Structure formats: C-alpha cells, structure tokens
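Q: Here it is: the structure, laid out below.
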Amino acid sequence: MSSPSNYRVAPGADVDERARIGEGSSIWHLAQIREDAELGEHCVVGRGAYIGTGVRMGDGCKVQNYALVYEPAVLEAGVFVGPAAVFTNDHFPRAVNPDLSPKSATDWEPVGVTCREGASIGARAVCVAPVTIGAWAMVAAGATVVKDVPPHALVAGVPARRIAWVGRSGEPLQPASDGTDAWVCPVTGEWYIPDETTGGLQLASDPAAEAAAPAKDDTKDGHDS
C-alpha cells in the first residue's frame, strides 16, 4: 500500500492495509476500502461509500457518498459514481442454499460491473451485473441498468433505455447540420460518428473513427471519369 502521506484518509474511514491507494487520493469519513482494492491517483471516495475486495479503479475516479461498489467491479479512468448508486455482483442472489444452509463464498460466482473511461452513474442508480457501461456513457439518476450501455449513450428509466447521446462534456449531442448521421456537442464543438463495433458513438477526430467513417466519393463532383 502507498504511504498514507501520499493520500488522505479522513477520521473514521476503514482502509485495509492490503489495499493499494494512488497518490493524491482522498477517502472520506466512514468509507470502507476492502483488501486488495486498487485505487488510481487522485481518486475520491465519499463518506460512507464501500469499495469491495479487489475492485479496480483508474486515475481520477469519484465515488460519491454511500455508493456501494461490490467486487469484481472495474472502473476505468475518470469514472463518476453518484451518491447511493449500487453495483451488484450476483446473478441469482440468495442468502441460503435450497436446504436453508447459509451460503458461503464457494456457493456462488461473483460477477462484476465494468465502467469504461469517463462514464458517469447517477445518484441511486442500480447497475445489475454483469454489465458494461461504455466510455463516456451516462446513466441517469434512479435508473436500473440490466444490459450493456454503448459508448456516449444517455440511458434512463427502469429498465434503463437510451434517450439521447452525450459527448465528453456530458451535454446531450445534437444532430449534425450536414445531413449525415454524425452528432455534434453544443459545448465543445466535437463531432461524433456511429461506431458499428460497439453500437455507440466515437469521436470523429479519433484515427479509428476517421477510418470507420464512410469514404468520400470523389466521382460525384459533376465530372465523368
């Protein structure tokens, strides 16, 4: 574990000595970080939040007050988890076996929630594992996610469904004015195009996105070849 001088632990927080905490991170009152959890640099874990055994968090993640992130969840860089959000980890949760004997750790197989870079999970949202929240996607407050969310999708409701696309700024995207299937961020001016691989969007300025964009047909310039 990193030296406590490199990160902040508020009074009353419970950080297991086997956890690994990145430089510049802050863990607030009554939060619990379990054994073998990995937090990147400059992460924030709010009051009363729970980070389960072996959970992995990239740099710059924020887990707000009383959120419950159960193992084996993975949060890539820049993920936001809102207050009281819950990441589940069991396909078929039961307290006991069919004979009413208590379930032990060997009686079930943990499954996790994966949040890709820059994704945001709203307050009191529930992500039912196993699901993947795509890069820069946004889950609305109170939503229940039961299937994968594509990159840059804004999903809401129970069960959650896509209601819009969002850019990296978090603002809803607007259809491009050129009549193509591109989308534009009203804040940054960034353009996004469909990504057939993920079913979501990707930045048009990315080399991969440029390659995926339909090629311009130069024969349609009014001249016959």
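Chain lettering (A, B, ...) mirrors the order of the structure tokens, residue numbering begins at 1 for each chain separately, and ligand numbering begins at 1 in order of display.
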List the spatial neighbours of Arg161 in chain A as a list in words - criterion: any atom at most 9 Å away, only C-alpha atoms, same-chain residues fewer than 3 positions off excluded.
A: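 Listing them by chain and then by number gives Ala143, Val145, Val149, Leu154, Val155, Ala156, Gly157 and Val158 of chain A.
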Q: Please build the interface table for range 17-65 of chain A against range 75-90 of chain A with a cut-off of 9 Å, listing for each qualifying residue the nearest atom pair and the distance in Å to one decimal; count only C-alpha atoms, order rows by chain and increasing number, and write it as a Markdown table.
A:
| residue | atom | partner | partner_atom | distance |
| --- | --- | --- | --- | --- |
| A:Gly40 | CA | A:Ala77 | CA | 8.1 |
| A:Cys43 | CA | A:Gly78 | CA | 8.6 |
| A:Gly46 | CA | A:Pro83 | CA | 8.4 |
| A:Ala49 | CA | A:Ala84 | CA | 8.0 |
| A:Val55 | CA | A:Leu75 | CA | 8.1 |
| A:Arg56 | CA | A:Leu75 | CA | 6.1 |
| A:Met57 | CA | A:Leu75 | CA | 4.6 |
| A:Gly58 | CA | A:Ala77 | CA | 4.2 |
| A:Asp59 | CA | A:Ala77 | CA | 4.8 |
| A:Gly60 | CA | A:Gly78 | CA | 4.8 |
| A:Cys61 | CA | A:Gly78 | CA | 4.6 |
| A:Lys62 | CA | A:Phe80 | CA | 4.9 |
| A:Val63 | CA | A:Val81 | CA | 4.7 |
| A:Gln64 | CA | A:Pro83 | CA | 4.7 |
| A:Asn65 | CA | A:Pro83 | CA | 4.8 |
Q: Output the selection as a short mmCIF file (atom, residue, chain, number, x, y, z; two decimals), in the first residue's frame - N, CA and C atoms for each residue.
A:
data_model
loop_
_atom_site.label_atom_id
_atom_site.label_comp_id
_atom_site.auth_asym_id
_atom_site.auth_seq_id
_atom_site.Cartn_x
_atom_site.Cartn_y
_atom_site.Cartn_z
N GLY A 40 -6.54 4.33 -8.29
CA GLY A 40 -5.53 5.08 -9.00
C GLY A 40 -5.23 6.41 -8.32
N CYS A 43 -8.10 9.85 -6.88
CA CYS A 43 -9.46 9.35 -6.74
C CYS A 43 -10.10 9.94 -5.49
N GLY A 46 -16.29 9.01 -1.31
CA GLY A 46 -17.06 9.84 -0.41
C GLY A 46 -17.46 9.16 0.89
N ALA A 49 -19.05 5.42 1.58
CA ALA A 49 -19.01 4.59 0.38
C ALA A 49 -18.27 3.28 0.68
N VAL A 55 -11.69 -4.62 -6.07
CA VAL A 55 -12.22 -3.65 -7.04
C VAL A 55 -11.06 -2.82 -7.58
N ARG A 56 -11.10 -2.53 -8.87
CA ARG A 56 -10.04 -1.75 -9.50
C ARG A 56 -10.59 -0.43 -10.02
N MET A 57 -9.93 0.65 -9.65
CA MET A 57 -10.34 1.99 -10.06
C MET A 57 -9.15 2.70 -10.70
N GLY A 58 -9.37 3.30 -11.87
CA GLY A 58 -8.32 4.05 -12.54
C GLY A 58 -8.15 5.43 -11.95
N ASP A 59 -7.27 6.21 -12.55
CA ASP A 59 -6.99 7.56 -12.07
C ASP A 59 -8.23 8.45 -12.19
N GLY A 60 -8.38 9.36 -11.23
CA GLY A 60 -9.39 10.40 -11.32
C GLY A 60 -10.82 9.96 -11.15
N CYS A 61 -11.06 8.80 -10.57
CA CYS A 61 -12.44 8.35 -10.34
C CYS A 61 -13.04 9.03 -9.11
N LYS A 62 -14.35 9.21 -9.12
CA LYS A 62 -15.07 9.77 -7.98
C LYS A 62 -16.23 8.85 -7.63
N VAL A 63 -16.22 8.34 -6.41
CA VAL A 63 -17.31 7.51 -5.90
C VAL A 63 -17.94 8.31 -4.76
N GLN A 64 -19.17 8.76 -4.97
CA GLN A 64 -19.80 9.69 -4.05
C GLN A 64 -20.39 8.98 -2.82
N ASN A 65 -20.93 9.79 -1.91
CA ASN A 65 -21.37 9.31 -0.59
C ASN A 65 -22.30 8.11 -0.68
#
Q: Nearest to Leu68 in chain A among A:Arg124, A:His91, A:Arg168, A:Arg20, with distances taken over only C-alpha atoms: which residue is it?
A: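 Among the listed residues, A:Arg124 lies closest to Leu68 in chain A.
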Q: Please indicate the distance in Å from CA of Ile51 in chain A to CA of Pro102 in chain A, rounded to one decimal place.
A: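 Taking CA of Ile51 in chain A and CA of Pro102 in chain A, their separation equals 23.9 Å.
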Q: Could you give me, as a list of chain:residue names, the residues within 12 Å of range 105-109 of chain A, counting only C-alpha atoms and dropping anything in the same chain fewer than 4 positions from it?
A: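 The residues satisfying every condition are A:Glu71, A:Pro72, A:Asn89, A:Asp90, A:His91, A:Phe92, A:Pro93, A:Arg94, A:Ala95, A:Val96, A:Asn97, A:Pro98, A:Ser101, A:Ala129, A:Pro130.
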Q: Restricting the output to N, CA and C atoms, write the selected residues as a compact mmCIF listing (two decimals), in the first residue's frame.
A:
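Generated output (selection-v3.txt):
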# COMPACT_ATOMS: atom_id res chain seq x y z
N GLU A 71 -17.25 -6.05 -5.51
CA GLU A 71 -16.32 -6.79 -6.36
C GLU A 71 -17.08 -7.77 -7.26
N PRO A 72 -16.56 -8.04 -8.45
CA PRO A 72 -15.27 -7.61 -9.01
C PRO A 72 -15.41 -6.43 -9.99
N ASN A 89 -23.33 -7.83 -7.70
CA ASN A 89 -22.30 -8.79 -8.11
C ASN A 89 -22.77 -10.24 -8.06
N ASP A 90 -24.08 -10.49 -8.18
CA ASP A 90 -24.58 -11.86 -8.10
C ASP A 90 -25.68 -12.06 -9.13
N HIS A 91 -25.56 -13.14 -9.93
CA HIS A 91 -26.60 -13.46 -10.92
C HIS A 91 -27.94 -13.73 -10.24
N PHE A 92 -27.91 -14.62 -9.25
CA PHE A 92 -29.13 -15.10 -8.61
C PHE A 92 -28.96 -15.04 -7.09
N PRO A 93 -29.14 -13.87 -6.51
CA PRO A 93 -28.82 -13.70 -5.08
C PRO A 93 -29.74 -14.48 -4.15
N ARG A 94 -29.15 -15.22 -3.28
CA ARG A 94 -29.85 -15.92 -2.20
C ARG A 94 -28.99 -15.86 -0.95
N ALA A 95 -29.63 -15.79 0.21
CA ALA A 95 -28.90 -15.83 1.47
C ALA A 95 -28.55 -17.26 1.86
N VAL A 96 -29.37 -18.23 1.36
CA VAL A 96 -29.20 -19.62 1.76
C VAL A 96 -29.26 -20.52 0.53
N ASN A 97 -28.81 -21.75 0.71
CA ASN A 97 -28.94 -22.80 -0.29
C ASN A 97 -30.34 -23.40 -0.22
N PRO A 98 -30.73 -24.27 -1.18
CA PRO A 98 -32.07 -24.86 -1.15
C PRO A 98 -32.39 -25.61 0.15
N SER A 101 -29.24 -24.02 4.32
CA SER A 101 -27.92 -23.81 4.91
C SER A 101 -27.36 -22.48 4.40
N ALA A 129 -25.12 -6.52 -12.36
CA ALA A 129 -24.04 -7.27 -13.01
C ALA A 129 -24.56 -8.58 -13.62
N PRO A 130 -23.89 -9.02 -14.71
CA PRO A 130 -22.73 -8.39 -15.35
C PRO A 130 -23.16 -7.45 -16.46
Q: If you run DSSP on the backbone, which residues of range 7-217 of chain A are strand (DSSP E), as an MDAnalysis selection string?
A: chainID A and resid 8:9 14:15 20:21 26:27 32:33 38:39 44:45 50:51 56:57 62:63 68:69 74:75 80:81 86:87 113:115 120:121 126:127 131:133 138:139 144:145 153:156 161:165 174:175 183:184 191:195 200:203
Q: Rank A:Pro110, A:Gly167, A:Pro150, A:Pro186 by their smallest atom-to-atom distance to Ile133 in chain A, using only C-alpha atoms, and report the top residue only.
A: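 Among the listed residues, the smallest separation from Ile133 in chain A belongs to A:Pro150.
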Q: Quick one: of A:Gly22, A:Pro172, A:Gly52, A:Pro151, who's nearest to Gly199 in chain A, counting only C-alpha atoms?
A: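 Closest to Gly199 in chain A of all the choices is A:Pro151.
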Q: Quick one: residues within 8 Å of Gly48 in chain A, only C-alpha atoms counted, chain neighbours fewer than 6 positions away excluded, as a VMD selection string?
A: chain A and resid 28 to 32 65 to 67
Q: Taking into account only C-alpha atoms, which residue in the set A:Ile21, A:Ile193, A:Val131, A:Ala176 is nearest to Asn6 in chain A?
A: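 Result for the nearest residue to Asn6 in chain A: A:Ile21.
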Q: CA of Gly170 in chain A to CA of Pro194 in chain A: how many Å, to one decimal?
A: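 Computing the Euclidean distance for CA of Gly170 in chain A and CA of Pro194 in chain A yields 17.5 Å.
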Q: Let me make sure I understand: among A:Gly200, A:Tyr192, A:Val69, A:Lys103, which one has the smallest atom-to-atom distance to Ala137 in chain A if we use only C-alpha atoms?
A: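 Residue with the minimum atom-to-atom distance to Ala137 in chain A: A:Gly200.
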Q: In Å, how far is it from CA of Gly142 in chain A to CA of Val9 in chain A?
A: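 We find that CA of Gly142 in chain A and CA of Val9 in chain A lie 29.2 Å from each other.
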Q: May I have the residues within 10 Å of Pro175 in chain A as a list in words, using only C-alpha atoms and disregarding those fewer than 4 positions away in the same chain?
A: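 Once the nearby chain positions are removed, what remains is Trp165, Gly179, Thr180, Asp181, Ala182, Trp183, Val184, Cys185, Trp191 and Tyr192 of chain A.
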